[in-house]
There are 2 protein chains.
Amino acid sequence: MSSKNSETRNKILKACVHLLETSQGKEVRMTDIARHAGISRQALYLHFATRAELLIATTHYVDELLESEKRLAASRTAETGIQRLDAYIEAWGSYIPEVYGIAGALLAMKDTDEAAAKAWNERMEDMREGCEAAINALQNDKTLSPAYSPDEATDILWTMLSIRNWELLCIERGWSQKKYLENLKSLARRAFLAS
Amino acid sequence: MSSKNSETRNKILKACVHLLETSQGKEVRMTDIARHAGISRQALYLHFATRAELLIATTHYVDELLESEKRLAASRTAETGIQRLDAYIEAWGSYIPEVYGIAGALLAMKDTDEAAAKAWNERMEDMREGCEAAINALQNDKTLSPAYSPDEATDILWTMLSIRNWELLCIERGWSQKKYLENLKSLARRAFLAS
DNA sequence: CATTAACTTGACACCGTGTCAATTGACATG
DNA sequence: CATGTCAATTGACACGGTGTCAAGTTAATG
């Protein structure tokens, strides 16, 4: 459970990311991760107490790699509410495919594992704040449709942008990433802008 | 594996429904179902070869109880496209909370179990047909926004109405069923109607 | 009375997670 | 050089859940 970055710890995380990304759907077992990292299964437990902990660490790991914070925060600099809404959808929507594998694993554990649920909920809470900020920006511009309170609008935007929705459109229905982004931006405008 | 309705088969299905409905989130084990049905665990396997098969049978069972077909088909009688859209959202949206428990169980098995995935996909396909019919009705009325092809609009409506979205709004965000239905109807209008 | 079908009990195999103990090998420090 | 320590290894094992198998019980039916 070394808290620092050790050589093997990184090997493990790297292997975990790779497996989650490639083996879409199929289970990713501790054994698989170990083999792929070139170490023994037991050595995993020297670094991560449980599978859940490993998965959570993996999300942090990729977030660092992707500089997620930075990219998501960028939308905050947009001038108008509409631009901000667009920028947030663009940023978050581009983030999804890069974390989809890991998110899926975490999501699957959510129901059975306390720690995984917590990690996931924190993430969703962060995302919701981004939505809230975008909606508030609309509100300040007086461009938010009077049909919605900011809270309601936030809930809806947050739901629209869920990873599961991305999954339905881009995986199940085969939409391209470009089509997804364009459609979601346009949908959000239709939904939230005062006409 | 008796294909007919036997006494105990129904007891099992009833127990299964009850457990899935009440024990939200917690696992529902074969043992639990057996105990709750008042029979031995092994007797379950006399009626259903696998857990997946039992769950699938359970969905059919509740569908029969709820007369889902009938209720969902009702929207087809609406006159205008808009009414039809509303009616479908009303029907499907009211159906969700009643099958939420079972759906969750099936959804969770989707990734690991072939049969469960198939059962789920069939269901989603049916639902998509309902969406398609509503969108086509709009199209025929020339009230579908030119921004969308019927296919795109169908995909989006289908996504909007996903059980996971209902879950996010009604479970996670605590929306009432009434609020959910109203908001989804209004959202769909904003999204799909030509302005 | 004998047969048959539905159930029961109890044991067991398989898998995946997590634990434990004993061992090895590298490397640092006195 | 001896010692200790740290990371990793091997191998065994417990636990929980699904699914299988075999033998025995019970009740209905001819």
# chains A, B, ... in the order shown; residues from 1 in each chain; ligands from 1

call {"tool": "residues_around", "arguments": {"residues": "DG4 of chain D", "least_positions_apart": "5", "cutoff": "12 Å", "atoms": "only C-alpha atoms (C1' of nucleotides)", "output": "number ranges by chain"}}
result
C: 27-30

call {"tool": "write_last_selection", "arguments": {"atoms": "C-alpha atoms (C1' of nucleotides)", "output": "PDB file, in the first residue's frame"}}
result
ATOM      1  C1'  DC C  27      20.745  -3.834  -1.547  1.00  0.00           C
ATOM      2  C1'  DA C  28      22.129  -0.954   2.294  1.00  0.00           C
ATOM      3  C1'  DT C  29      24.490  -0.220   6.630  1.00  0.00           C
ATOM      4  C1'  DG C  30      27.289  -1.201  10.642  1.00  0.00           C
TER       5       DG C  30
END

call {"tool": "interface_residues", "arguments": {"of": "chain A", "to": "chain D", "cutoff": "12 Å", "atoms": "only C-alpha atoms (C1' of nucleotides)", "output": "CSV table (one decimal) with C-alpha atoms, in the first residue's frame"}}
result
chain,number,residue,atom,x,y,z
A,1,MET,CA,0.0,0.0,0.0
A,2,SER,CA,2.9,2.3,-0.8
A,6,SER,CA,6.9,3.1,-7.1
A,7,GLU,CA,8.0,1.5,-10.2
A,8,THR,CA,5.6,-1.5,-10.0
A,9,ARG,CA,2.7,0.6,-8.7
A,38,GLY,CA,4.3,-8.9,-15.2
A,39,ILE,CA,4.0,-9.6,-11.5
A,40,SER,CA,2.3,-12.1,-9.3
A,41,ARG,CA,-1.3,-11.7,-8.3
A,42,GLN,CA,-0.3,-11.4,-4.6
A,43,ALA,CA,2.0,-8.5,-5.4
A,44,LEU,CA,-1.1,-6.5,-6.4
A,45,TYR,CA,-2.3,-6.6,-2.8
A,46,LEU,CA,1.1,-5.2,-1.7
A,47,HIS,CA,0.0,-2.0,-3.4

call {"tool": "residues_around", "arguments": {"residues": "Thr58 of chain A", "least_positions_apart": "6", "cutoff": "10 Å", "atoms": "only C-alpha atoms (C1' of nucleotides)", "output": "PyMOL selection string"}}
result
chain A and resi 10+12-17+20+52+64+102

call {"tool": "atom_distance", "arguments": {"atom1": "atom CA of Gly130 of chain A", "atom2": "atom CA of Ile163 of chain A"}}
result
14.6 Å

call {"tool": "interface_residues", "arguments": {"of": "chain C", "to": "chain A", "cutoff": "9 Å", "atoms": "only C-alpha atoms (C1' of nucleotides)", "output": "VMD selection string"}}
result
chain C and resid 16 to 18

call {"tool": "write_last_selection", "arguments": {"atoms": "N, CA and C atoms (P, O5', C5', C4', C3', O3' and C1' of nucleotides)", "output": "mmCIF file, in the first residue's frame"}}
result
data_model
loop_
_atom_site.group_PDB
_atom_site.id
_atom_site.type_symbol
_atom_site.label_atom_id
_atom_site.label_comp_id
_atom_site.auth_asym_id
_atom_site.auth_seq_id
_atom_site.Cartn_x
_atom_site.Cartn_y
_atom_site.Cartn_z
ATOM 1 P P DG C 16 -12.529 -16.574 -12.951
ATOM 2 O "O5'" DG C 16 -12.518 -15.458 -11.813
ATOM 3 C "C5'" DG C 16 -13.710 -14.721 -11.540
ATOM 4 C "C4'" DG C 16 -13.596 -14.075 -10.191
ATOM 5 C "C3'" DG C 16 -12.232 -13.431 -9.926
ATOM 6 O "O3'" DG C 16 -12.426 -12.080 -9.521
ATOM 7 C "C1'" DG C 16 -12.847 -14.854 -8.144
ATOM 8 P P DT C 17 -11.203 -11.160 -9.150
ATOM 9 O "O5'" DT C 17 -11.367 -11.088 -7.558
ATOM 10 C "C5'" DT C 17 -12.575 -10.619 -7.029
ATOM 11 C "C4'" DT C 17 -12.529 -10.632 -5.525
ATOM 12 C "C3'" DT C 17 -11.362 -9.876 -4.906
ATOM 13 O "O3'" DT C 17 -11.880 -9.088 -3.841
ATOM 14 C "C1'" DT C 17 -11.418 -12.101 -4.073
ATOM 15 P P DG C 18 -11.048 -7.850 -3.296
ATOM 16 O "O5'" DG C 18 -10.275 -8.548 -2.091
ATOM 17 C "C5'" DG C 18 -11.046 -8.945 -0.959
ATOM 18 C "C4'" DG C 18 -10.245 -9.874 -0.092
ATOM 19 C "C3'" DG C 18 -8.878 -9.339 0.372
ATOM 20 O "O3'" DG C 18 -8.879 -9.291 1.793
ATOM 21 C "C1'" DG C 18 -8.753 -11.598 -0.276
#

call {"tool": "closest_atom_pairs", "arguments": {"of": "chain A", "to": "chain B", "cutoff": "8 Å", "atoms": "only C-alpha atoms", "output": "Markdown table"}}
result
| residue | atom | partner | partner_atom | distance |
| --- | --- | --- | --- | --- |
| A:Gly25 | CA | B:Asp111 | CA | 5.7 |
| A:Lys26 | CA | B:Asp111 | CA | 7.0 |
| A:Glu27 | CA | B:Thr112 | CA | 7.5 |
| A:Ala108 | CA | B:Ala108 | CA | 7.2 |
| A:Asp111 | CA | B:Gly25 | CA | 5.8 |
| A:Thr112 | CA | B:Lys26 | CA | 7.2 |
| A:Asp155 | CA | B:Leu169 | CA | 7.0 |
| A:Ile156 | CA | B:Leu169 | CA | 7.8 |
| A:Thr159 | CA | B:Asn165 | CA | 6.2 |
| A:Met160 | CA | B:Met160 | CA | 7.4 |
| A:Arg164 | CA | B:Arg164 | CA | 7.3 |
| A:Asn165 | CA | B:Thr159 | CA | 6.2 |
| A:Leu168 | CA | B:Thr159 | CA | 6.5 |
| A:Leu169 | CA | B:Asp155 | CA | 7.0 |
| A:Arg173 | CA | B:Asp155 | CA | 7.3 |
| A:Leu187 | CA | B:Ala191 | CA | 6.2 |
| A:Arg190 | CA | B:Ala191 | CA | 5.8 |
| A:Ala191 | CA | B:Arg190 | CA | 5.8 |

call {"tool": "select_by_dssp", "arguments": {"residues": "segment 1-162 of chain B", "states": "helix (DSSP H, G or I)", "output": "number ranges by chain"}}
result
B: 7-22, 30-37, 41-47, 51-66, 68-77, 81-109, 114-140, 150-160
